[in-house]
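For reference, input_2.pdb is printed below; it contains PDB, C-alpha atoms.
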ATOM      1  CA  MET J  54       0.000   0.000   0.000
ATOM      2  CA  ALA J  55       1.231   3.464  -0.894
ATOM      3  CA  VAL J  56       1.223   6.860   0.765
ATOM      4  CA  LEU J  57       0.046   9.643  -1.545
ATOM      5  CA  VAL J  58       1.932  12.904  -0.953
ATOM      6  CA  THR J  59       0.223  15.924  -2.503
ATOM      7  CA  GLY J  60       2.601  18.839  -3.014
ATOM      8  CA  GLY J  61       5.427  16.334  -2.698
ATOM      9  CA  ALA J  62       7.728  18.298  -5.011
ATOM     10  CA  GLY J  63       7.599  21.313  -2.689
ATOM     11  CA  TYR J  64       9.921  22.204   0.169
ATOM     12  CA  ILE J  65       8.385  20.341   3.108
ATOM     13  CA  GLY J  66       6.621  17.797   0.906
ATOM     14  CA  SER J  67       9.882  16.676  -0.712
ATOM     15  CA  HIS J  68      11.413  16.148   2.724
ATOM     16  CA  ALA J  69       8.380  14.070   3.725
ATOM     17  CA  VAL J  70       8.940  11.963   0.603
ATOM     18  CA  ALA J  71      12.576  11.470   1.657
ATOM     19  CA  SER J  72      11.472  10.476   5.167
ATOM     20  CA  LEU J  73       8.967   7.960   3.776
ATOM     21  CA  LYS J  74      11.622   6.567   1.430
ATOM     22  CA  GLU J  75      13.997   6.047   4.350
ATOM     23  CA  ARG J  76      11.280   3.931   6.005
ATOM     24  CA  GLY J  77      10.766   1.794   2.922
ATOM     25  CA  GLU J  78       7.279   3.118   2.153
ATOM     26  CA  GLU J  79       5.736   2.960  -1.300
ATOM     27  CA  ILE J  80       5.196   6.576  -2.374
ATOM     28  CA  VAL J  81       3.008   8.350  -4.914
ATOM     29  CA  VAL J  82       3.618  12.079  -5.438
ATOM     30  CA  VAL J  83       1.148  14.545  -6.939
ATOM     31  CA  ASP J  84       2.316  18.087  -7.718
ATOM     32  CA  ASN J  85       1.366  20.651 -10.352
ATOM     33  CA  LEU J  86       4.940  22.046 -10.208
ATOM     34  CA  GLU J  87       3.659  25.608  -9.790
ATOM     35  CA  GLN J  88       6.004  25.975  -6.820
ATOM     36  CA  GLY J  89       7.475  22.492  -6.616
ATOM     37  CA  HIS J  90      10.501  21.121  -8.456
ATOM     38  CA  ARG J  91      10.800  17.815 -10.248
ATOM     39  CA  ALA J  92      14.407  17.554  -9.043
ATOM     40  CA  ALA J  93      13.219  17.695  -5.413
ATOM     41  CA  VAL J  94      11.368  14.375  -5.688
ATOM     42  CA  THR J  95      13.879  11.756  -4.547
ATOM     43  CA  GLY J  96      11.547   8.769  -4.391
ATOM     44  CA  GLY J  97       8.233   7.335  -5.472
ATOM     45  CA  LYS J  98       6.157   7.825  -8.599
ATOM     46  CA  LEU J  99       5.489  11.441  -9.646
ATOM     47  CA  TYR J 100       2.216  12.502 -11.286
ATOM     48  CA  VAL J 101       2.197  16.079 -12.587
ATOM     49  CA  GLY J 102      -1.279  17.554 -12.316
ATOM     50  CA  ASP J 103      -3.733  19.576 -10.274
ATOM     51  CA  LEU J 104      -5.981  18.346  -7.466
ATOM     52  CA  ARG J 105      -8.868  20.286  -8.979
ATOM     53  CA  ASP J 106      -8.691  18.077 -12.078
ATOM     54  CA  LYS J 107     -10.947  15.213 -11.010
ATOM     55  CA  ASP J 108     -10.116  13.042 -14.030
ATOM     56  CA  PHE J 109      -6.418  13.397 -13.199
ATOM     57  CA  LEU J 110      -7.071  12.457  -9.569
ATOM     58  CA  GLU J 111      -9.155   9.455 -10.648
ATOM     59  CA  THR J 112      -6.180   8.183 -12.653
ATOM     60  CA  VAL J 113      -3.871   8.514  -9.650
ATOM     61  CA  PHE J 114      -6.205   6.589  -7.349
ATOM     62  CA  LYS J 115      -7.031   3.923  -9.958
ATOM     63  CA  GLU J 116      -3.417   3.200 -10.826
ATOM     64  CA  ASN J 117      -2.172   2.897  -7.224
ATOM     65  CA  SER J 118      -3.173   1.089  -4.038
ATOM     66  CA  ILE J 119      -3.238   4.065  -1.669
ATOM     67  CA  ASP J 120      -4.010   3.659   2.022
ATOM     68  CA  ALA J 121      -3.080   7.124   3.360
ATOM     69  CA  VAL J 122      -2.549  10.687   2.150
ATOM     70  CA  ILE J 123      -0.207  13.444   3.333
ATOM     71  CA  HIS J 124      -1.602  16.722   2.053
ATOM     72  CA  PHE J 125       0.833  19.609   1.447
ATOM     73  CA  ALA J 126      -0.592  21.051  -1.771
ATOM     74  CA  ALA J 127      -1.622  24.652  -1.063
ATOM     75  CA  ASN J 128      -0.716  28.247  -1.768
ATOM     76  CA  SER J 129       0.924  29.718   1.322
ATOM     77  CA  LEU J 130       1.947  33.369   0.903
ATOM     78  CA  VAL J 131       0.199  35.522   3.488
ATOM     79  CA  GLY J 132       0.546  38.784   1.558
ATOM     80  CA  GLU J 133      -0.691  37.269  -1.681
ATOM     81  CA  SER J 134      -3.645  35.717   0.139
ATOM     82  CA  MET J 135      -4.756  39.177   1.238
ATOM     83  CA  GLN J 136      -4.466  40.571  -2.296
ATOM     84  CA  ASN J 137      -6.051  37.588  -4.034
ATOM     85  CA  PRO J 138      -8.150  35.583  -1.551
ATOM     86  CA  GLY J 139     -10.099  33.949  -4.382
ATOM     87  CA  LYS J 140      -6.958  32.165  -5.548
ATOM     88  CA  TYR J 141      -6.472  30.746  -2.051
ATOM     89  CA  TYR J 142     -10.055  29.590  -1.639
ATOM     90  CA  HIS J 143     -10.085  27.994  -5.079
ATOM     91  CA  ASN J 144      -6.748  26.196  -4.784
ATOM     92  CA  ASN J 145      -6.588  25.429  -1.073
ATOM     93  CA  VAL J 146     -10.225  24.826  -0.164
ATOM     94  CA  TYR J 147     -11.694  23.571  -3.433
ATOM     95  CA  GLY J 148      -8.570  21.532  -4.159
ATOM     96  CA  THR J 149      -8.927  19.847  -0.779
ATOM     97  CA  LEU J 150     -12.617  19.185  -1.396
ATOM     98  CA  CYS J 151     -11.767  17.421  -4.673
ATOM     99  CA  LEU J 152      -9.127  15.345  -2.879
ATOM    100  CA  LEU J 153     -11.404  14.338  -0.006
ATOM    101  CA  GLU J 154     -14.229  13.380  -2.344
ATOM    102  CA  LYS J 155     -11.890  11.175  -4.365
ATOM    103  CA  MET J 156     -10.541   9.600  -1.175
ATOM    104  CA  ILE J 157     -14.079   8.681  -0.103
ATOM    105  CA  GLU J 158     -14.849   7.226  -3.544
ATOM    106  CA  HIS J 159     -11.803   4.954  -3.244
ATOM    107  CA  ASN J 160     -12.258   4.178   0.469
ATOM    108  CA  VAL J 161      -9.021   5.873   1.498
ATOM    109  CA  LEU J 162      -9.851   7.091   5.000
ATOM    110  CA  LYS J 163      -6.574   8.391   6.453
ATOM    111  CA  ILE J 164      -5.100  11.839   5.812
ATOM    112  CA  VAL J 165      -2.346  13.873   7.449
ATOM    113  CA  PHE J 166      -2.758  17.586   6.795
ATOM    114  CA  SER J 167       0.042  20.130   6.688
ATOM    115  CA  SER J 168      -1.760  23.001   8.395
ATOM    116  CA  THR J 169      -0.384  26.163   9.974
ATOM    117  CA  ALA J 170      -0.252  27.937  13.289
ATOM    118  CA  ALA J 171      -1.619  30.919  11.334
ATOM    119  CA  THR J 172      -5.018  29.364  12.100
ATOM    120  CA  TYR J 173      -4.694  30.909  15.581
ATOM    121  CA  GLY J 174      -4.245  34.504  14.457
ATOM    122  CA  GLU J 175      -3.075  36.873  17.201
ATOM    123  CA  PRO J 176      -2.092  34.521  20.051
ATOM    124  CA  GLU J 177      -3.920  34.601  23.363
ATOM    125  CA  ASN J 178      -1.098  32.683  25.030
ATOM    126  CA  VAL J 179       2.594  32.048  24.390
ATOM    127  CA  PRO J 180       3.410  29.308  23.693
ATOM    128  CA  ILE J 181       0.227  28.597  21.739
ATOM    129  CA  ASP J 182      -1.774  25.549  22.788
ATOM    130  CA  GLU J 183      -4.014  23.418  20.558
ATOM    131  CA  TYR J 184      -7.012  24.433  22.651
ATOM    132  CA  ASP J 185      -6.473  28.159  22.093
ATOM    133  CA  ARG J 186      -9.006  29.986  19.947
ATOM    134  CA  THR J 187      -8.648  29.975  16.170
ATOM    135  CA  LEU J 188      -9.188  33.427  14.689
ATOM    136  CA  PRO J 189      -6.995  33.850  11.581
ATOM    137  CA  THR J 190      -5.890  37.343  10.629
ATOM    138  CA  ASN J 191      -5.258  36.569   6.948
ATOM    139  CA  ALA J 192      -6.930  34.683   4.123
ATOM    140  CA  TYR J 193      -4.186  32.035   4.025
ATOM    141  CA  GLY J 194      -4.802  31.042   7.656
ATOM    142  CA  GLU J 195      -8.557  31.199   7.091
ATOM    143  CA  THR J 196      -8.380  28.755   4.181
ATOM    144  CA  LYS J 197      -6.250  26.340   6.179
ATOM    145  CA  LEU J 198      -8.776  26.468   9.022
ATOM    146  CA  ALA J 199     -11.579  25.852   6.508
ATOM    147  CA  MET J 200      -9.679  22.806   5.241
ATOM    148  CA  GLU J 201      -9.408  21.465   8.789
ATOM    149  CA  LYS J 202     -13.131  21.966   9.378
ATOM    150  CA  MET J 203     -13.937  20.220   6.116
ATOM    151  CA  MET J 204     -11.959  17.193   7.269
ATOM    152  CA  LYS J 205     -13.838  17.191  10.562
ATOM    153  CA  TRP J 206     -17.189  16.941   8.797
ATOM    154  CA  PHE J 207     -15.898  14.284   6.399
ATOM    155  CA  ASP J 208     -14.940  12.343   9.528
ATOM    156  CA  VAL J 209     -18.468  12.749  10.920
ATOM    157  CA  ALA J 210     -20.116  11.745   7.649
ATOM    158  CA  HIS J 211     -17.698   9.175   6.232
ATOM    159  CA  GLY J 212     -15.318   8.098   9.001
ATOM    160  CA  LEU J 213     -12.343   9.790   7.353
ATOM    161  CA  LYS J 214      -9.662  10.133  10.044
ATOM    162  CA  PHE J 215      -7.246  13.032   9.920
ATOM    163  CA  VAL J 216      -4.267  14.440  11.772
ATOM    164  CA  SER J 217      -3.750  18.174  11.319
ATOM    165  CA  LEU J 218      -0.276  19.515  12.087
ATOM    166  CA  ARG J 219       0.022  23.217  12.883
ATOM    167  CA  TYR J 220       3.431  24.887  12.812
ATOM    168  CA  PHE J 221       5.196  28.110  11.898
ATOM    169  CA  ASN J 222       8.587  28.206  10.225
ATOM    170  CA  ALA J 223      10.249  25.286   8.501
ATOM    171  CA  ALA J 224      13.956  25.818   7.880
ATOM    172  CA  GLY J 225      17.114  23.961   6.929
ATOM    173  CA  ALA J 226      17.893  21.329   4.325
ATOM    174  CA  HIS J 227      18.154  17.545   4.123
ATOM    175  CA  GLU J 228      21.358  16.026   5.465
ATOM    176  CA  SER J 229      21.961  14.335   2.091
ATOM    177  CA  GLY J 230      22.356  17.751   0.481
ATOM    178  CA  LEU J 231      19.981  16.706  -2.302
ATOM    179  CA  ILE J 232      16.987  18.836  -1.338
ATOM    180  CA  GLY J 233      16.557  22.263   0.199
ATOM    181  CA  GLU J 234      14.490  25.437   0.077
ATOM    182  CA  ASP J 235      13.911  27.079  -3.291
ATOM    183  CA  HIS J 236      10.895  29.394  -3.486
ATOM    184  CA  ASN J 237      10.093  32.055  -6.050
ATOM    185  CA  PRO J 238       9.466  34.560  -4.663
ATOM    186  CA  GLU J 239      11.258  33.771  -1.433
ATOM    187  CA  SER J 240       9.396  34.933   1.660
ATOM    188  CA  HIS J 241      11.069  33.047   4.524
ATOM    189  CA  LEU J 242      13.584  34.766   6.775
ATOM    190  CA  ILE J 243      16.429  32.241   6.849
ATOM    191  CA  PRO J 244      16.838  31.764   3.060
ATOM    192  CA  ILE J 245      16.496  35.529   2.562
ATOM    193  CA  VAL J 246      19.302  36.098   5.088
ATOM    194  CA  LEU J 247      21.431  33.505   3.297
ATOM    195  CA  GLN J 248      20.752  35.152  -0.049
ATOM    196  CA  ALA J 249      22.142  38.356   1.471
ATOM    197  CA  ALA J 250      25.202  36.394   2.628
ATOM    198  CA  LEU J 251      25.666  35.129  -0.939
ATOM    199  CA  GLY J 252      25.479  38.673  -2.304
ATOM    200  CA  GLN J 253      22.175  38.005  -4.048
ATOM    201  CA  ARG J 254      20.493  40.735  -1.990
ATOM    202  CA  PRO J 255      22.046  44.021  -0.852
ATOM    203  CA  HIS J 256      20.692  43.617   2.683
ATOM    204  CA  ILE J 257      18.126  41.967   4.909
ATOM    205  CA  SER J 258      15.197  44.084   6.020
ATOM    206  CA  VAL J 259      14.253  43.966   9.699
ATOM    207  CA  PHE J 260      10.667  45.094  10.048
ATOM    208  CA  GLY J 261      10.564  46.869  13.397
ATOM    209  CA  GLU J 262      12.885  46.818  16.395
ATOM    210  CA  ASP J 263      10.515  48.278  18.978
ATOM    211  CA  TYR J 264       8.559  45.140  19.891
ATOM    212  CA  ASP J 265       8.191  44.009  23.493
ATOM    213  CA  THR J 266      10.979  41.457  23.204
ATOM    214  CA  GLU J 267      14.520  41.318  24.570
ATOM    215  CA  ASP J 268      16.132  42.865  21.478
ATOM    216  CA  GLY J 269      13.046  44.603  20.088
ATOM    217  CA  THR J 270      12.586  42.309  17.065
ATOM    218  CA  CYS J 271       9.918  39.678  16.460
ATOM    219  CA  ILE J 272      10.404  36.198  17.864
ATOM    220  CA  ARG J 273       9.427  33.138  15.854
ATOM    221  CA  ASP J 274       9.565  29.365  16.136
ATOM    222  CA  TYR J 275      11.938  27.597  13.711
ATOM    223  CA  ILE J 276      11.900  23.845  13.142
ATOM    224  CA  HIS J 277      14.232  21.821  10.961
ATOM    225  CA  VAL J 278      12.317  20.697   7.890
ATOM    226  CA  SER J 279      13.377  17.075   8.366
ATOM    227  CA  ASP J 280      11.916  17.078  11.885
ATOM    228  CA  LEU J 281       8.654  18.382  10.420
ATOM    229  CA  ALA J 282       8.739  15.668   7.771
ATOM    230  CA  ASP J 283       9.233  13.015  10.457
ATOM    231  CA  ALA J 284       6.172  14.319  12.328
ATOM    232  CA  HIS J 285       4.006  13.822   9.235
ATOM    233  CA  VAL J 286       5.218  10.245   8.851
ATOM    234  CA  LEU J 287       4.606   9.526  12.544
ATOM    235  CA  ALA J 288       1.081  10.875  12.107
ATOM    236  CA  VAL J 289       0.472   8.410   9.248
ATOM    237  CA  GLU J 290       1.681   5.607  11.483
ATOM    238  CA  ARG J 291      -0.655   6.739  14.259
ATOM    239  CA  LEU J 292      -3.661   6.754  11.937
ATOM    240  CA  ARG J 293      -2.751   3.236  10.785
ATOM    241  CA  THR J 294      -3.173   2.043  14.378
ATOM    242  CA  GLY J 295      -6.822   3.128  14.270
ATOM    243  CA  ALA J 296      -6.356   6.395  16.164
ATOM    244  CA  ASP J 297      -9.060   9.034  16.104
ATOM    245  CA  SER J 298      -8.738  12.387  14.368
ATOM    246  CA  SER J 299      -6.438  14.875  16.125
ATOM    247  CA  ILE J 300      -4.791  18.276  15.862
ATOM    248  CA  TYR J 301      -1.201  18.808  16.982
ATOM    249  CA  ASN J 302       1.073  21.821  17.207
ATOM    250  CA  LEU J 303       4.682  21.360  16.195
ATOM    251  CA  GLY J 304       7.153  23.681  17.875
ATOM    252  CA  ASN J 305      10.834  23.830  18.679
ATOM    253  CA  GLY J 306      10.196  24.677  22.324
ATOM    254  CA  GLN J 307      11.722  28.135  22.066
ATOM    255  CA  GLY J 308      11.630  31.145  19.806
ATOM    256  CA  PHE J 309      14.393  33.104  18.130
ATOM    257  CA  SER J 310      14.357  36.804  17.292
ATOM    258  CA  VAL J 311      15.065  38.223  13.859
ATOM    259  CA  LYS J 312      18.335  39.694  15.139
ATOM    260  CA  GLN J 313      19.339  36.337  16.624
ATOM    261  CA  VAL J 314      18.748  34.632  13.295
ATOM    262  CA  ILE J 315      20.878  37.222  11.499
ATOM    263  CA  ASP J 316      23.679  37.025  14.092
ATOM    264  CA  ILE J 317      23.819  33.234  13.929
ATOM    265  CA  ALA J 318      23.781  33.370  10.124
ATOM    266  CA  ARG J 319      26.784  35.701  10.251
ATOM    267  CA  LEU J 320      28.556  33.202  12.506
ATOM    268  CA  VAL J 321      27.730  30.220  10.298
ATOM    269  CA  THR J 322      28.470  31.853   6.936
ATOM    270  CA  GLU J 323      31.417  33.958   8.098
ATOM    271  CA  ARG J 324      30.016  36.686   5.867
ATOM    272  CA  GLU J 325      28.966  40.251   6.448
ATOM    273  CA  ILE J 326      25.198  40.484   6.298
ATOM    274  CA  LYS J 327      23.862  44.024   6.221
ATOM    275  CA  ALA J 328      20.637  44.532   8.161
ATOM    276  CA  VAL J 329      18.414  47.556   7.532
ATOM    277  CA  ILE J 330      15.763  48.517  10.061
ATOM    278  CA  GLU J 331      12.448  49.327   8.415
ATOM    279  CA  PRO J 332       8.956  50.131   9.746
ATOM    280  CA  ARG J 333       6.842  47.400  11.243
ATOM    281  CA  ARG J 334       4.658  45.353   8.944
ATOM    282  CA  SER J 335       0.973  45.425   9.714
ATOM    283  CA  GLY J 336      -0.253  42.398  11.628
ATOM    284  CA  ASP J 337       3.111  41.050  12.809
ATOM    285  CA  PRO J 338       2.718  39.813  16.411
ATOM    286  CA  ALA J 339       5.725  40.224  18.693
ATOM    287  CA  VAL J 340       6.035  36.542  19.626
ATOM    288  CA  LEU J 341       4.751  33.411  17.892
ATOM    289  CA  VAL J 342       5.825  30.128  19.447
ATOM    290  CA  ALA J 343       3.826  26.894  19.420
ATOM    291  CA  ALA J 344       3.759  24.328  22.234
ATOM    292  CA  SER J 345       4.240  20.738  21.069
ATOM    293  CA  ASN J 346       3.725  18.693  24.235
ATOM    294  CA  ARG J 347       0.844  16.682  22.757
ATOM    295  CA  ALA J 348       2.787  15.807  19.611
ATOM    296  CA  ARG J 349       5.702  14.640  21.693
ATOM    297  CA  SER J 350       3.595  12.487  24.010
ATOM    298  CA  GLU J 351       1.018  11.109  21.554
ATOM    299  CA  LEU J 352       2.943  10.954  18.269
ATOM    300  CA  GLY J 353       6.281  10.185  19.874
ATOM    301  CA  TRP J 354       7.732  13.148  18.005
ATOM    302  CA  ASN J 355      11.196  14.075  19.225
ATOM    303  CA  PRO J 356      12.895  16.779  17.137
ATOM    304  CA  LYS J 357      16.561  15.910  16.693
ATOM    305  CA  ARG J 358      17.823  19.143  15.154
ATOM    306  CA  ASN J 359      16.897  21.800  17.713
ATOM    307  CA  LYS J 360      19.906  24.115  17.540
ATOM    308  CA  LEU J 361      19.288  27.150  15.364
ATOM    309  CA  GLU J 362      22.964  27.165  14.378
ATOM    310  CA  ASP J 363      22.685  23.619  13.003
ATOM    311  CA  ILE J 364      19.448  24.447  11.184
ATOM    312  CA  ILE J 365      21.019  27.476   9.510
ATOM    313  CA  ARG J 366      24.227  25.583   8.697
ATOM    314  CA  SER J 367      22.292  22.863   6.873
ATOM    315  CA  ALA J 368      20.464  25.532   4.870
ATOM    316  CA  TRP J 369      23.715  27.385   4.140
ATOM    317  CA  ASN J 370      25.435  24.238   2.856
ATOM    318  CA  TRP J 371      22.573  23.668   0.417
ATOM    319  CA  HIS J 372      22.464  27.287  -0.768
ATOM    320  CA  VAL J 373      26.236  27.355  -1.316
ATOM    321  CA  ALA J 374      25.973  24.191  -3.410
ATOM    322  CA  ASN J 375      22.856  25.465  -5.187
ATOM    323  CA  PRO J 376      23.151  29.274  -5.329
ATOM    324  CA  GLN J 377      20.494  29.525  -8.051
ATOM    325  CA  GLY J 378      18.272  26.842  -6.553
ATOM    326  CA  TYR J 379      17.662  23.504  -8.183
ATOM    327  CA  LYS J 380      19.880  22.780 -11.160
ATOM    328  CA  GLY J 381      18.357  23.954 -14.398
ATOM    329  CA  LYS J 382      15.970  26.159 -12.385
ATOM    330  CA  THR J 383      12.889  25.274 -14.456
ATOM    331  CA  GLN J 384      10.326  23.533 -12.343
ATOM    332  CA  GLU J 385       9.532  21.116 -15.130
TER     333      GLU J 385
END

Re-express the file's structure as structure tokens.
Amino acid sequence: MAVLVTGGAGYIGSHAVASLKERGEEIVVVDNLEQGHRAAVTGGKLYVGDLRDKDFLETVFKENSIDAVIHFAANSLVGESMQNPGKYYHNNVYGTLCLLEKMIEHNVLKIVFSSTAATYGEPENVPIDEYDRTLPTNAYGETKLAMEKMMKWFDVAHGLKFVSLRYFNAAGAHESGLIGEDHNPESHLIPIVLQAALGQRPHISVFGEDYDTEDGTCIRDYIHVSDLADAHVLAVERLRTGADSSIYNLGNGQGFSVKQVIDIARLVTEREIKAVIEPRRSGDPAVLVAASNRARSELGWNPKRNKLEDIIRSAWNWHVANPQGYKGKTQE
């Protein structure tokens, strides 16, 4: 039986594929290659197509014996979601509906969902707990929450069991050096800092240094992408034991400020990285850190790569080896 990984040519999805491959799983990957890269898929059978194409999905399910799905396929840029919410509802929500309907048709009743801690919005508590309110402040987080709720009702109606994993910032690269982070446009802090170290950007912008934190800059939770991938695989294993549907936060246990990230990047790269202080961005909370006690106790998730220095070093090694991203650069 195979695990279907949607969005498996993307950053986190490709690392989940690698984690499944290491465990000897049969893998089927679906990706439209809008943001993913063919070169990032290191195992399994790749189908290039869109979840909203029901005939395409039918082919995937007919040609493979699938017993579980890991769902990464979604648009994920907060700013873009506020400018074009329709794109996010159509791709994220409708795409998920098409997937769930096809799963029910083929009696595939286990799905692990790559969600986001953006479902919480402005945090009531730090660290954020799974029982805290969900009140997204952007269309991206709202669509992810809608996807979670859809899965809940498919569970009620059809017995589809899901595990939703909520987290903030994936970072780093696979220890093999074969896969890493290559987005266009890039919106994540660590690769942007490393691009500045490589001379691909004149500086790194720091949006505000007057927050109520130790150094005045925002604090965020960073998790090594391979640890995130392992959590998704553990969630599949839990569902295979007959576990009920659940939601888990994934967090590193501590947060790091923007200035800390830049300072550690300077240490790792041994490069000058110019930082320019700019005005705050609207809607940026001072501190976003997720608690992961439930994931540790119930999934048996134990992140192995907790040190920010090690996370950044793994990313730096990949960016040095792949300064323009994946070889050839075309997603196809």

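Near Asp120 (chain J), within a cut-off of 10 Å and counting all atoms listed in the file, sit the residues Met54, Ala55, Val56, Leu57, Met156, His159, Asn160, Val161, Leu162, Lys163, Ile164, Val289 and Arg293 of chain J, with same-chain residues fewer than 4 positions away left out.
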
Among J:Pro176, J:Gly306, J:Pro376, J:Pro244, Val340 (chain J) is approached most closely, using all atoms listed in the file, by J:Pro176

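The space between CA of Ser129 (chain J) and CA of Leu218 (chain J) spans 14.9 Å.
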
Result set of the PyMOL selection byres ((chain J and resi 311) around 12) on the coordinates above, as a ChimeraX atom specification:
/J:241-243,245-246,257-262,264,266-275,308-310,312-318,328-330,339-340,361

Keeping C-alpha atoms, export the residues of the selection given above as an mmCIF file, keeping the file's coordinate frame.
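Saved as result-v4.cif:
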data_model
loop_
_atom_site.group_PDB
_atom_site.id
_atom_site.type_symbol
_atom_site.label_atom_id
_atom_site.label_comp_id
_atom_site.auth_asym_id
_atom_site.auth_seq_id
_atom_site.Cartn_x
_atom_site.Cartn_y
_atom_site.Cartn_z
ATOM 1 C CA HIS J 241 11.069 33.047 4.524
ATOM 2 C CA LEU J 242 13.584 34.766 6.775
ATOM 3 C CA ILE J 243 16.429 32.241 6.849
ATOM 4 C CA ILE J 245 16.496 35.529 2.562
ATOM 5 C CA VAL J 246 19.302 36.098 5.088
ATOM 6 C CA ILE J 257 18.126 41.967 4.909
ATOM 7 C CA SER J 258 15.197 44.084 6.020
ATOM 8 C CA VAL J 259 14.253 43.966 9.699
ATOM 9 C CA PHE J 260 10.667 45.094 10.048
ATOM 10 C CA GLY J 261 10.564 46.869 13.397
ATOM 11 C CA GLU J 262 12.885 46.818 16.395
ATOM 12 C CA TYR J 264 8.559 45.140 19.891
ATOM 13 C CA THR J 266 10.979 41.457 23.204
ATOM 14 C CA GLU J 267 14.520 41.318 24.570
ATOM 15 C CA ASP J 268 16.132 42.865 21.478
ATOM 16 C CA GLY J 269 13.046 44.603 20.088
ATOM 17 C CA THR J 270 12.586 42.309 17.065
ATOM 18 C CA CYS J 271 9.918 39.678 16.460
ATOM 19 C CA ILE J 272 10.404 36.198 17.864
ATOM 20 C CA ARG J 273 9.427 33.138 15.854
ATOM 21 C CA ASP J 274 9.565 29.365 16.136
ATOM 22 C CA TYR J 275 11.938 27.597 13.711
ATOM 23 C CA GLY J 308 11.630 31.145 19.806
ATOM 24 C CA PHE J 309 14.393 33.104 18.130
ATOM 25 C CA SER J 310 14.357 36.804 17.292
ATOM 26 C CA LYS J 312 18.335 39.694 15.139
ATOM 27 C CA GLN J 313 19.339 36.337 16.624
ATOM 28 C CA VAL J 314 18.748 34.632 13.295
ATOM 29 C CA ILE J 315 20.878 37.222 11.499
ATOM 30 C CA ASP J 316 23.679 37.025 14.092
ATOM 31 C CA ILE J 317 23.819 33.234 13.929
ATOM 32 C CA ALA J 318 23.781 33.370 10.124
ATOM 33 C CA ALA J 328 20.637 44.532 8.161
ATOM 34 C CA VAL J 329 18.414 47.556 7.532
ATOM 35 C CA ILE J 330 15.763 48.517 10.061
ATOM 36 C CA ALA J 339 5.725 40.224 18.693
ATOM 37 C CA VAL J 340 6.035 36.542 19.626
ATOM 38 C CA LEU J 361 19.288 27.150 15.364
#

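Distances here use only C-alpha atoms; by that measure, the residue among J:Glu290, J:Asp363, J:Asp280, J:Asp182 closest to Ala344 (chain J) is J:Asp182.
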
Kindly give the distance, in Å, that separates CA of Arg347 (chain J) and CA of Glu79 (chain J), rounded to a single decimal.
28.1 Å

Please expand the PyMOL selection byres ((chain J and resi 212) around 12) into the concrete residues it hits in this file, giving the result as a CSV table (one decimal) with C-alpha atoms, keeping the file's coordinate frame.
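Final output, selection-v1.csv:
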chain,number,residue,atom,x,y,z
J,153,LEU,CA,-11.4,14.3,0.0
J,156,MET,CA,-10.5,9.6,-1.2
J,157,ILE,CA,-14.1,8.7,-0.1
J,160,ASN,CA,-12.3,4.2,0.5
J,161,VAL,CA,-9.0,5.9,1.5
J,162,LEU,CA,-9.9,7.1,5.0
J,163,LYS,CA,-6.6,8.4,6.5
J,164,ILE,CA,-5.1,11.8,5.8
J,204,MET,CA,-12.0,17.2,7.3
J,205,LYS,CA,-13.8,17.2,10.6
J,206,TRP,CA,-17.2,16.9,8.8
J,207,PHE,CA,-15.9,14.3,6.4
J,208,ASP,CA,-14.9,12.3,9.5
J,209,VAL,CA,-18.5,12.7,10.9
J,210,ALA,CA,-20.1,11.7,7.6
J,211,HIS,CA,-17.7,9.2,6.2
J,213,LEU,CA,-12.3,9.8,7.4
J,214,LYS,CA,-9.7,10.1,10.0
J,215,PHE,CA,-7.2,13.0,9.9
J,295,GLY,CA,-6.8,3.1,14.3
J,296,ALA,CA,-6.4,6.4,16.2
J,297,ASP,CA,-9.1,9.0,16.1
J,298,SER,CA,-8.7,12.4,14.4

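Distances from J:Asn355, J:Asn144, J:Asn191, J:Ser279 to Ala69 (chain J) were compared using only C-alpha atoms, and the smallest one belongs to J:Ser279.
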
Show which residues sit within 12 Å of Thr95 (chain J), as a PyMOL selection string. Count all atoms listed in the file, and ignore same-chain residues fewer than 4 positions away.
chain J and resi 61-63+66-75+80-82+90-91+99+227+229-233
